[in-house]
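Colleague: PDB, C-alpha atoms and all ligand atoms, saved as model_18.pdb, coming up:
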ATOM      1  CA  MET A  27     -16.234 -25.880  37.120  1.00  0.00           C
ATOM      2  CA  ARG A  28     -16.067 -29.645  37.325  1.00  0.00           C
ATOM      3  CA  LEU A  29     -16.117 -31.653  34.128  1.00  0.00           C
ATOM      4  CA  LEU A  30     -17.005 -35.333  34.150  1.00  0.00           C
ATOM      5  CA  LEU A  31     -16.540 -37.332  30.955  1.00  0.00           C
ATOM      6  CA  LEU A  32     -19.064 -40.170  31.130  1.00  0.00           C
ATOM      7  CA  GLU A  33     -18.824 -43.686  29.654  1.00  0.00           C
ATOM      8  CA  SER A  34     -15.540 -42.804  27.968  1.00  0.00           C
ATOM      9  CA  ALA A  35     -14.611 -45.283  25.268  1.00  0.00           C
ATOM     10  CA  LEU A  36     -11.447 -46.339  27.116  1.00  0.00           C
ATOM     11  CA  ALA A  37     -10.734 -49.954  28.037  1.00  0.00           C
ATOM     12  CA  ILE A  38      -7.904 -52.453  28.285  1.00  0.00           C
ATOM     13  CA  VAL A  39      -8.124 -55.146  25.581  1.00  0.00           C
ATOM     14  CA  PRO A  40     -10.128 -58.045  27.119  1.00  0.00           C
ATOM     15  CA  ARG A  41      -8.028 -61.078  28.056  1.00  0.00           C
ATOM     16  CA  LYS A  42      -9.604 -63.322  25.376  1.00  0.00           C
ATOM     17  CA  PHE A  43      -8.328 -61.026  22.607  1.00  0.00           C
ATOM     18  CA  ARG A  44      -4.788 -60.477  23.879  1.00  0.00           C
ATOM     19  CA  ASP A  45      -3.333 -62.999  21.469  1.00  0.00           C
ATOM     20  CA  HIS A  46      -5.211 -61.532  18.499  1.00  0.00           C
ATOM     21  CA  PRO A  47      -2.883 -60.522  15.620  1.00  0.00           C
ATOM     22  CA  THR A  48      -4.100 -56.899  15.730  1.00  0.00           C
ATOM     23  CA  VAL A  49      -3.179 -56.719  19.428  1.00  0.00           C
ATOM     24  CA  ARG A  50       0.231 -58.317  18.872  1.00  0.00           C
ATOM     25  CA  ASN A  51       0.897 -55.770  16.101  1.00  0.00           C
ATOM     26  CA  TRP A  52      -0.251 -52.900  18.316  1.00  0.00           C
ATOM     27  CA  CYS A  53       2.062 -54.078  21.121  1.00  0.00           C
ATOM     28  CA  LYS A  54       5.016 -54.323  18.756  1.00  0.00           C
ATOM     29  CA  ARG A  55       4.305 -50.898  17.319  1.00  0.00           C
ATOM     30  CA  PHE A  56       3.930 -49.122  20.666  1.00  0.00           C
ATOM     31  CA  GLY A  57       6.359 -51.213  22.730  1.00  0.00           C
ATOM     32  CA  ARG A  58       3.715 -52.473  25.187  1.00  0.00           C
ATOM     33  CA  LYS A  59       2.696 -55.839  26.644  1.00  0.00           C
ATOM     34  CA  PRO A  60      -0.694 -57.400  25.702  1.00  0.00           C
ATOM     35  CA  HIS A  61      -2.132 -56.813  29.203  1.00  0.00           C
ATOM     36  CA  GLU A  62      -1.312 -53.108  28.763  1.00  0.00           C
ATOM     37  CA  ALA A  63      -3.044 -52.751  25.388  1.00  0.00           C
ATOM     38  CA  ILE A  64      -5.882 -50.234  25.026  1.00  0.00           C
ATOM     39  CA  LEU A  65      -8.792 -51.015  22.697  1.00  0.00           C
ATOM     40  CA  ASP A  66      -8.660 -48.681  19.729  1.00  0.00           C
ATOM     41  CA  VAL A  67     -10.931 -48.969  16.721  1.00  0.00           C
ATOM     42  CA  ASN A  68      -8.151 -47.618  14.488  1.00  0.00           C
ATOM     43  CA  TYR A  69      -6.070 -50.710  15.234  1.00  0.00           C
ATOM     44  CA  HIS A  70      -8.522 -53.329  16.558  1.00  0.00           C
ATOM     45  CA  PHE A  71     -11.516 -52.982  14.269  1.00  0.00           C
ATOM     46  CA  SER A  72     -11.921 -56.744  13.841  1.00  0.00           C
ATOM     47  CA  ILE A  73     -12.083 -57.228  17.625  1.00  0.00           C
ATOM     48  CA  LEU A  74     -14.593 -54.431  18.077  1.00  0.00           C
ATOM     49  CA  LYS A  75     -16.798 -55.928  15.375  1.00  0.00           C
ATOM     50  CA  GLU A  76     -17.185 -58.916  17.740  1.00  0.00           C
ATOM     51  CA  LYS A  77     -18.268 -56.717  20.627  1.00  0.00           C
ATOM     52  CA  ASP A  78     -21.946 -55.928  20.720  1.00  0.00           C
ATOM     53  CA  TYR A  79     -21.769 -52.133  20.590  1.00  0.00           C
ATOM     54  CA  PRO A  80     -18.776 -50.713  18.746  1.00  0.00           C
ATOM     55  CA  GLY A  81     -19.963 -47.087  19.063  1.00  0.00           C
ATOM     56  CA  LYS A  82     -19.157 -47.114  22.787  1.00  0.00           C
ATOM     57  CA  TRP A  83     -15.750 -48.771  22.638  1.00  0.00           C
ATOM     58  CA  GLY A  84     -12.247 -48.225  21.356  1.00  0.00           C
ATOM     59  CA  ARG A  85     -12.095 -44.437  21.005  1.00  0.00           C
ATOM     60  CA  PRO A  86      -9.219 -43.250  23.190  1.00  0.00           C
ATOM     61  CA  ASP A  87      -8.790 -40.357  20.734  1.00  0.00           C
ATOM     62  CA  ILE A  88     -12.066 -38.822  21.979  1.00  0.00           C
ATOM     63  CA  VAL A  89     -10.728 -38.552  25.519  1.00  0.00           C
ATOM     64  CA  HIS A  90      -7.281 -37.513  24.325  1.00  0.00           C
ATOM     65  CA  PHE A  91      -8.526 -34.608  22.154  1.00  0.00           C
ATOM     66  CA  THR A  92     -11.066 -33.502  24.746  1.00  0.00           C
ATOM     67  CA  LEU A  93      -8.547 -33.498  27.585  1.00  0.00           C
ATOM     68  CA  LEU A  94      -5.913 -31.681  25.532  1.00  0.00           C
ATOM     69  CA  TYR A  95      -8.419 -28.946  24.785  1.00  0.00           C
ATOM     70  CA  ALA A  96      -9.875 -28.742  28.283  1.00  0.00           C
ATOM     71  CA  LEU A  97      -6.625 -28.876  30.255  1.00  0.00           C
ATOM     72  CA  GLU A  98      -4.932 -26.197  28.199  1.00  0.00           C
ATOM     73  CA  SER A  99      -7.862 -23.799  28.124  1.00  0.00           C
ATOM     74  CA  PRO A 100      -7.583 -20.450  29.917  1.00  0.00           C
ATOM     75  CA  LEU A 101     -10.232 -21.763  32.353  1.00  0.00           C
ATOM     76  CA  ALA A 102      -7.922 -24.625  33.351  1.00  0.00           C
ATOM     77  CA  LYS A 103      -4.827 -22.418  33.374  1.00  0.00           C
ATOM     78  CA  LYS A 104      -6.596 -20.198  35.916  1.00  0.00           C
ATOM     79  CA  GLY A 105      -7.259 -23.264  38.090  1.00  0.00           C
ATOM     80  CA  LEU A 106     -11.003 -23.044  37.452  1.00  0.00           C
ATOM     81  CA  LEU A 107     -11.493 -26.457  35.870  1.00  0.00           C
ATOM     82  CA  ASP A 108     -11.312 -29.832  37.543  1.00  0.00           C
ATOM     83  CA  VAL A 109     -11.558 -32.904  35.306  1.00  0.00           C
ATOM     84  CA  TYR A 110     -12.792 -36.418  36.057  1.00  0.00           C
ATOM     85  CA  VAL A 111     -13.087 -39.337  33.647  1.00  0.00           C
ATOM     86  CA  HIS A 112     -15.520 -42.236  33.968  1.00  0.00           C
ATOM     87  CA  THR A 113     -15.132 -45.139  31.537  1.00  0.00           C
ATOM     88  CA  VAL A 114     -17.597 -47.379  29.757  1.00  0.00           C
ATOM     89  CA  GLU A 115     -16.532 -50.139  32.175  1.00  0.00           C
ATOM     90  CA  GLY A 116     -17.275 -47.989  35.221  1.00  0.00           C
ATOM     91  CA  LYS A 117     -13.702 -47.020  36.120  1.00  0.00           C
ATOM     92  CA  LEU A 118     -13.085 -43.532  37.349  1.00  0.00           C
ATOM     93  CA  PHE A 119     -10.053 -41.277  37.431  1.00  0.00           C
ATOM     94  CA  HIS A 120      -9.144 -37.721  38.304  1.00  0.00           C
ATOM     95  CA  VAL A 121      -6.773 -35.495  36.356  1.00  0.00           C
ATOM     96  CA  GLU A 122      -4.930 -33.126  38.668  1.00  0.00           C
ATOM     97  CA  LYS A 123      -5.247 -29.423  38.030  1.00  0.00           C
ATOM     98  CA  GLY A 124      -2.244 -28.082  36.139  1.00  0.00           C
ATOM     99  CA  THR A 125      -1.697 -31.332  34.214  1.00  0.00           C
ATOM    100  CA  ARG A 126      -0.400 -31.111  30.669  1.00  0.00           C
ATOM    101  CA  LEU A 127      -1.002 -34.384  28.907  1.00  0.00           C
ATOM    102  CA  PRO A 128       1.323 -35.772  26.223  1.00  0.00           C
ATOM    103  CA  ARG A 129       0.239 -34.802  22.723  1.00  0.00           C
ATOM    104  CA  GLY A 130       1.461 -38.055  21.231  1.00  0.00           C
ATOM    105  CA  TYR A 131      -0.736 -41.169  21.194  1.00  0.00           C
ATOM    106  CA  SER A 132       1.905 -43.535  22.530  1.00  0.00           C
ATOM    107  CA  ARG A 133       2.670 -41.611  25.713  1.00  0.00           C
ATOM    108  CA  PHE A 134      -0.981 -40.770  26.323  1.00  0.00           C
ATOM    109  CA  ILE A 135      -1.893 -44.449  25.996  1.00  0.00           C
ATOM    110  CA  GLY A 136       0.907 -45.333  28.416  1.00  0.00           C
ATOM    111  CA  ILE A 137      -0.653 -43.167  31.138  1.00  0.00           C
ATOM    112  CA  ILE A 138      -4.199 -44.348  30.433  1.00  0.00           C
ATOM    113  CA  SER A 139      -3.169 -47.999  30.443  1.00  0.00           C
ATOM    114  CA  LYS A 140      -1.641 -47.621  33.906  1.00  0.00           C
ATOM    115  CA  VAL A 141      -4.630 -45.789  35.344  1.00  0.00           C
ATOM    116  CA  LEU A 142      -7.091 -48.309  33.917  1.00  0.00           C
ATOM    117  CA  ARG A 143      -5.077 -51.055  35.613  1.00  0.00           C
ATOM    118  CA  GLY A 144      -5.419 -49.190  38.907  1.00  0.00           C
ATOM    119  CA  ILE A 145      -1.815 -47.902  38.915  1.00  0.00           C
ATOM    120  CA  ASP A 146      -1.378 -44.376  40.202  1.00  0.00           C
ATOM    121  CA  THR A 147       0.560 -41.937  38.007  1.00  0.00           C
ATOM    122  CA  PRO A 148       2.050 -38.557  38.977  1.00  0.00           C
ATOM    123  CA  ARG A 149      -0.864 -36.486  37.596  1.00  0.00           C
ATOM    124  CA  VAL A 150      -3.703 -38.866  36.797  1.00  0.00           C
ATOM    125  CA  HIS A 151      -5.151 -40.839  39.697  1.00  0.00           C
ATOM    126  CA  PRO A 152      -7.485 -43.835  39.679  1.00  0.00           C
ATOM    127  CA  LEU A 153     -10.407 -43.374  42.110  1.00  0.00           C
ATOM    128  CA  GLU A 154     -12.039 -46.178  44.068  1.00  0.00           C
ATOM    129  CA  THR A 155     -15.418 -44.422  44.131  1.00  0.00           C
ATOM    130  CA  ASP A 156     -18.376 -45.399  42.000  1.00  0.00           C
ATOM    131  CA  VAL A 157     -19.584 -42.625  39.654  1.00  0.00           C
ATOM    132  CA  ASN A 158     -22.962 -42.302  41.393  1.00  0.00           C
ATOM    133  CA  GLU A 159     -21.224 -41.962  44.763  1.00  0.00           C
ATOM    134  CA  LEU A 160     -19.058 -39.237  43.262  1.00  0.00           C
ATOM    135  CA  LEU A 161     -22.121 -37.409  41.940  1.00  0.00           C
ATOM    136  CA  ARG A 162     -23.833 -37.751  45.309  1.00  0.00           C
ATOM    137  CA  SER A 163     -20.836 -36.182  47.036  1.00  0.00           C
ATOM    138  CA  TRP A 164     -20.822 -33.319  44.524  1.00  0.00           C
ATOM    139  CA  LYS A 165     -24.519 -32.711  45.238  1.00  0.00           C
ATOM    140  CA  GLU A 166     -23.749 -32.590  48.950  1.00  0.00           C
ATOM    141  CA  GLU A 167     -21.083 -29.976  48.253  1.00  0.00           C
ATOM    142  CA  GLY A 168     -23.766 -27.883  46.538  1.00  0.00           C
ATOM    143  CA  TYR A 169     -22.812 -28.453  42.891  1.00  0.00           C
ATOM    144  CA  ALA A 170     -25.499 -28.186  40.213  1.00  0.00           C
ATOM    145  CA  LEU A 171     -25.206 -31.257  37.979  1.00  0.00           C
ATOM    146  CA  VAL A 172     -25.817 -30.397  34.334  1.00  0.00           C
ATOM    147  CA  LEU A 173     -25.997 -33.368  31.991  1.00  0.00           C
ATOM    148  CA  LEU A 174     -25.385 -32.430  28.382  1.00  0.00           C
ATOM    149  CA  ASP A 175     -27.471 -34.314  25.894  1.00  0.00           C
ATOM    150  CA  GLU A 176     -28.719 -33.463  22.426  1.00  0.00           C
ATOM    151  CA  GLU A 177     -32.250 -34.243  23.588  1.00  0.00           C
ATOM    152  CA  GLY A 178     -32.141 -31.896  26.565  1.00  0.00           C
ATOM    153  CA  GLU A 179     -33.553 -28.403  27.021  1.00  0.00           C
ATOM    154  CA  ARG A 180     -32.010 -25.558  24.975  1.00  0.00           C
ATOM    155  CA  ARG A 181     -30.904 -22.996  27.577  1.00  0.00           C
ATOM    156  CA  THR A 182     -27.653 -21.253  28.487  1.00  0.00           C
ATOM    157  CA  ASP A 183     -28.538 -19.674  31.852  1.00  0.00           C
ATOM    158  CA  TRP A 184     -26.624 -22.412  33.729  1.00  0.00           C
ATOM    159  CA  VAL A 185     -23.171 -21.792  32.218  1.00  0.00           C
ATOM    160  CA  GLY A 186     -22.141 -19.043  34.623  1.00  0.00           C
ATOM    161  CA  ARG A 187     -23.241 -20.828  37.808  1.00  0.00           C
ATOM    162  CA  ASP A 188     -20.822 -20.758  40.667  1.00  0.00           C
ATOM    163  CA  LYS A 189     -20.727 -24.434  41.652  1.00  0.00           C
ATOM    164  CA  LEU A 190     -21.224 -26.154  38.329  1.00  0.00           C
ATOM    165  CA  ALA A 191     -20.526 -29.764  37.333  1.00  0.00           C
ATOM    166  CA  VAL A 192     -20.915 -30.584  33.652  1.00  0.00           C
ATOM    167  CA  LEU A 193     -21.448 -34.179  32.567  1.00  0.00           C
ATOM    168  CA  VAL A 194     -20.633 -35.121  28.959  1.00  0.00           C
ATOM    169  CA  GLY A 195     -20.531 -38.475  27.182  1.00  0.00           C
ATOM    170  CA  ALA A 196     -17.101 -39.358  25.746  1.00  0.00           C
ATOM    171  CA  PHE A 197     -18.074 -41.944  23.152  1.00  0.00           C
ATOM    172  CA  ALA A 198     -18.878 -41.842  19.460  1.00  0.00           C
ATOM    173  CA  GLN A 199     -22.477 -42.969  19.059  1.00  0.00           C
ATOM    174  CA  GLY A 200     -25.733 -43.675  20.804  1.00  0.00           C
ATOM    175  CA  PRO A 201     -27.349 -42.739  24.098  1.00  0.00           C
ATOM    176  CA  PHE A 202     -25.947 -43.230  27.617  1.00  0.00           C
ATOM    177  CA  TYR A 203     -26.097 -46.822  28.867  1.00  0.00           C
ATOM    178  CA  GLN A 204     -27.611 -45.709  32.164  1.00  0.00           C
ATOM    179  CA  GLU A 205     -29.107 -42.742  33.993  1.00  0.00           C
ATOM    180  CA  TYR A 206     -26.802 -40.459  35.955  1.00  0.00           C
ATOM    181  CA  SER A 207     -27.960 -38.219  38.727  1.00  0.00           C
ATOM    182  CA  HIS A 208     -28.445 -34.691  37.365  1.00  0.00           C
ATOM    183  CA  ASP A 209     -30.378 -31.500  38.031  1.00  0.00           C
ATOM    184  CA  GLU A 210     -30.769 -30.459  34.438  1.00  0.00           C
ATOM    185  CA  ARG A 211     -30.514 -32.131  31.045  1.00  0.00           C
ATOM    186  CA  ILE A 212     -29.319 -29.522  28.594  1.00  0.00           C
ATOM    187  CA  SER A 213     -28.864 -29.454  24.846  1.00  0.00           C
ATOM    188  CA  LEU A 214     -26.453 -27.063  23.149  1.00  0.00           C
ATOM    189  CA  TRP A 215     -27.657 -27.656  19.647  1.00  0.00           C
ATOM    190  CA  GLU A 216     -30.297 -29.568  17.707  1.00  0.00           C
ATOM    191  CA  GLU A 217     -27.882 -32.249  16.427  1.00  0.00           C
ATOM    192  CA  PRO A 218     -25.317 -34.466  18.132  1.00  0.00           C
ATOM    193  CA  LEU A 219     -21.871 -32.911  18.409  1.00  0.00           C
ATOM    194  CA  ASN A 220     -18.481 -34.453  19.129  1.00  0.00           C
ATOM    195  CA  THR A 221     -17.446 -34.593  22.758  1.00  0.00           C
ATOM    196  CA  TRP A 222     -14.564 -32.182  22.213  1.00  0.00           C
ATOM    197  CA  ASN A 223     -16.839 -29.664  20.486  1.00  0.00           C
ATOM    198  CA  VAL A 224     -19.356 -29.837  23.324  1.00  0.00           C
ATOM    199  CA  VAL A 225     -16.648 -29.394  25.946  1.00  0.00           C
ATOM    200  CA  GLY A 226     -15.038 -26.660  23.867  1.00  0.00           C
ATOM    201  CA  GLU A 227     -18.285 -24.688  23.552  1.00  0.00           C
ATOM    202  CA  VAL A 228     -19.023 -24.870  27.279  1.00  0.00           C
ATOM    203  CA  ILE A 229     -15.508 -23.899  28.338  1.00  0.00           C
ATOM    204  CA  ALA A 230     -15.318 -21.033  25.842  1.00  0.00           C
ATOM    205  CA  TYR A 231     -18.729 -19.704  26.919  1.00  0.00           C
ATOM    206  CA  ARG A 232     -17.824 -19.908  30.602  1.00  0.00           C
ATOM    207  CA  GLU A 233     -14.499 -18.158  29.983  1.00  0.00           C
ATOM    208  CA  ARG A 234     -16.378 -15.268  28.413  1.00  0.00           C
ATOM    209  CA  ILE A 235     -18.964 -15.113  31.189  1.00  0.00           C
ATOM    210  CA  LEU A 236     -16.162 -15.031  33.761  1.00  0.00           C
ATOM    211  CA  GLY A 237     -14.372 -12.346  31.734  1.00  0.00           C
ATOM    212  CA  LEU A 238     -11.247 -14.431  31.177  1.00  0.00           C
ATOM    213  CA  LEU A 239     -11.225 -13.714  27.456  1.00  0.00           C
TER     214      LEU A 239
HETATM  215  C1  LIG A 301     -20.766 -37.833  20.225  1.00  0.00           C
HETATM  216  S1  LIG A 301     -21.972 -37.563  21.461  1.00  0.00           S
HETATM  217  C2  LIG A 301     -22.566 -39.180  21.802  1.00  0.00           C
HETATM  218  C3  LIG A 301     -23.345 -39.755  20.667  1.00  0.00           C
HETATM  219  C4  LIG A 301     -24.655 -39.087  20.377  1.00  0.00           C
HETATM  220  N1  LIG A 301     -25.590 -39.306  21.473  1.00  0.00           N
HETATM  221  C5  LIG A 301     -25.195 -39.679  19.084  1.00  0.00           C
HETATM  222  O1  LIG A 301     -26.074 -40.551  19.177  1.00  0.00           O
HETATM  223  O2  LIG A 301     -24.667 -39.323  18.019  1.00  0.00           O
HETATM  224  C6  LIG A 301     -21.015 -37.298  22.887  1.00  0.00           C
HETATM  225  C7  LIG A 301     -21.681 -36.545  24.011  1.00  0.00           C
HETATM  226  O3  LIG A 301     -21.667 -35.170  23.754  1.00  0.00           O
HETATM  227  C8  LIG A 301     -22.818 -34.567  24.337  1.00  0.00           C
HETATM  228  N2  LIG A 301     -23.577 -33.960  23.228  1.00  0.00           N
HETATM  229  C9  LIG A 301     -23.521 -34.276  21.915  1.00  0.00           C
HETATM  230  N3  LIG A 301     -24.287 -33.479  21.205  1.00  0.00           N
HETATM  231  C10 LIG A 301     -24.850 -32.607  22.064  1.00  0.00           C
HETATM  232  C11 LIG A 301     -25.757 -31.515  21.927  1.00  0.00           C
HETATM  233  N4  LIG A 301     -26.264 -31.159  20.758  1.00  0.00           N
HETATM  234  N5  LIG A 301     -26.101 -30.850  23.049  1.00  0.00           N
HETATM  235  C12 LIG A 301     -25.614 -31.182  24.263  1.00  0.00           C
HETATM  236  N6  LIG A 301     -24.753 -32.199  24.445  1.00  0.00           N
HETATM  237  C13 LIG A 301     -24.384 -32.907  23.373  1.00  0.00           C
HETATM  238  C14 LIG A 301     -23.578 -35.659  25.061  1.00  0.00           C
HETATM  239  O4  LIG A 301     -23.173 -35.664  26.416  1.00  0.00           O
HETATM  240  C15 LIG A 301     -23.108 -36.890  24.327  1.00  0.00           C
HETATM  241  O5  LIG A 301     -23.201 -38.045  25.122  1.00  0.00           O
END
Give the structure from the file, written as structure tokens.
Ligand SMILES: C[S@@+](CC[C@H](N)C(=O)[O-])C[C@H]1O[C@@H](n2cnc3c(N)ncnc32)[C@H](O)[C@@H]1O

Modeller:
Amino acid sequence: MRLLLLESALAIVPRKFRDHPTVRNWCKRFGRKPHEAILDVNYHFSILKEKDYPGKWGRPDIVHFTLLYALESPLAKKGLLDVYVHTVEGKLFHVEKGTRLPRGYSRFIGIISKVLRGIDTPRVHPLETDVNELLRSWKEEGYALVLLDEEGERRTDWVGRDKLAVLVGAFAQGPFYQEYSHDERISLWEEPLNTWNVVGEVIAYRERILGLL
């Protein structure tokens, strides 16, 4: 199964805020330079208040928790999960199979900061492709694209499909900014869930269908 986290709330602190006291404090605390700083609502709330849509920005924890869960699941350990991350700014990266990400914030942020600046890392690779190009290539390979959305159709008959790509938003609030190519728009439950819960439910269900657990 392919998993694509869409519009992930991951971004480098914009240049105009790099001298902001909250960014200088963050850099001192985590031993990083201002151009390496990642927007994080826990540390940069006053900056995010100035951006027009705080619910989509500054939540690296969402991607961190989701990736920790996904990459250490039995599905991933069996080599049956391939993970891609698209960011709210349109950047895209691929996490190699078999990757174990750091549990600690500081080391996780170090990897993400490099990848967002286009620097390759041993296990996480920036991709030049645009997300719609990526989805088009997946379609050509025969993957069914299932977009998860609380307003989608309530069905579970897709979870066991052979060539399955699951698309999930990795931000805190609101709808997607844009449309993404998909075959089905599916809801798991009547209310919005956290990204890591959504990913967790799908992975756990698929593991059972495949008889891994
Ligand atoms: C925290 S939600 C995004 C915010 C949510 N749209 C809201 O307004 O509260 C993160 C993502 O998880 C997926 N998601 C959340 N709840 C879902 C549900 N009940 N069924 C299917 N997918 C869901 C969607 O892909 C969504 O973009």

Colleague: Which centre and which edge lengths, in Å to one decimal, describe the axis-aligned box that holds all listed atoms of stretch 99-104 of chain A after 6 Å is added on each side, as lines of an AutoDock Vina configuration file?

Modeller:
center_x = -7.5
center_y = -22.4
center_z = 32.0
size_x = 17.4
size_y = 16.4
size_z = 19.8

Colleague: Quick one: distance from atom CA of A:Ser34 to atom CA of A:Val114 in Å, one decimal?

Modeller: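 Separation between atom CA of A:Ser34 and atom CA of A:Val114: 5.3 Å.
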
Colleague: Give me the residues near A:Ser72 as a PyMOL selection string, where near means some atom within 10 Å (using only C-alpha atoms) and where sequence neighbours in that chain fewer than 4 positions away do not count.

Modeller: chain A and resi 46-48+67-68+76-77

Colleague: Please write as a compact mmCIF listing (two decimals) with C-alpha atoms, keeping the file's coordinate frame the full residue list that the PyMOL selection byres (((chain A and resi 102) around 12) and not hetatm) yields on this file.

Modeller:
# COMPACT_ATOMS: atom_id res chain seq x y z
CA MET A 27 -16.23 -25.88 37.12
CA ARG A 28 -16.07 -29.64 37.33
CA LEU A 29 -16.12 -31.65 34.13
CA LEU A 93 -8.55 -33.50 27.58
CA LEU A 94 -5.91 -31.68 25.53
CA TYR A 95 -8.42 -28.95 24.78
CA ALA A 96 -9.88 -28.74 28.28
CA LEU A 97 -6.62 -28.88 30.26
CA GLU A 98 -4.93 -26.20 28.20
CA SER A 99 -7.86 -23.80 28.12
CA PRO A 100 -7.58 -20.45 29.92
CA LEU A 101 -10.23 -21.76 32.35
CA LYS A 103 -4.83 -22.42 33.37
CA LYS A 104 -6.60 -20.20 35.92
CA GLY A 105 -7.26 -23.26 38.09
CA LEU A 106 -11.00 -23.04 37.45
CA LEU A 107 -11.49 -26.46 35.87
CA ASP A 108 -11.31 -29.83 37.54
CA VAL A 109 -11.56 -32.90 35.31
CA VAL A 121 -6.77 -35.49 36.36
CA GLU A 122 -4.93 -33.13 38.67
CA LYS A 123 -5.25 -29.42 38.03
CA GLY A 124 -2.24 -28.08 36.14
CA THR A 125 -1.70 -31.33 34.21
CA ARG A 126 -0.40 -31.11 30.67
CA ILE A 229 -15.51 -23.90 28.34
CA ALA A 230 -15.32 -21.03 25.84
CA ARG A 232 -17.82 -19.91 30.60
CA GLU A 233 -14.50 -18.16 29.98
CA LEU A 238 -11.25 -14.43 31.18

Colleague: My list of candidates is A:Leu118, A:Ala198, A:Leu127, A:Ala63. Which is closest to ligand LIG 301 (chain A) when distances are computed with all atoms listed in the file?

Modeller: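 Selected residue with least distance to ligand LIG 301 (chain A): A:Ala198.
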
Colleague: Using all atoms listed in the file, which residue out of A:Leu174, A:Ala191, A:Leu32, A:Ile235 lies closest to ligand LIG 301 (chain A)?

Modeller: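 Result for the nearest residue to ligand LIG 301 (chain A): A:Leu174.
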
Colleague: Can you list, as a VMD selection string, the residues that the PyMOL selection byres (((chain A and resi 66) around 8) and not hetatm) selects here?

Modeller: chain A and resid 64 to 65 67 to 71 83 to 86

Colleague: Would you mind telling me which residue in A:Val224, A:Leu219, A:Val111, A:Ala170 lies nearest to A:His90 when using all atoms listed in the file?

Modeller: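 Answer, going by the shortest atom-to-atom distance: A:Val111.
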
Colleague: For the provided coordinates, the residues matched by the PyMOL selection byres (((not hetatm)) within 6 of (chain A and resi 301)) should be stated as a PyMOL selection string.

Modeller: chain A and resi 174-176+194-201+212-221+224

Colleague: If I take atom CA of A:Val150 and atom CA of A:Ile135, how far is one from the other in Å, to one decimal?

Modeller: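 Between atom CA of A:Val150 and atom CA of A:Ile135 the gap works out to 12.3 Å.
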
Colleague: Excluding A:Leu173 and its own-chain neighbours fewer than 3 positions away, which residues fall within 7 Å of it when counting all atoms listed in the file? Please give them as an NGL selection string.

Modeller: :A and (192-194 or 208 or 210-212)

Colleague: Could you check the closest approach to A:Glu177 for each of A:Phe43, A:Phe56, A:Trp164, A:Phe202 and tell me which residue wins, using all atoms listed in the file?

Modeller: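 Looking at the shortest contact to A:Glu177, the residue is A:Phe202.
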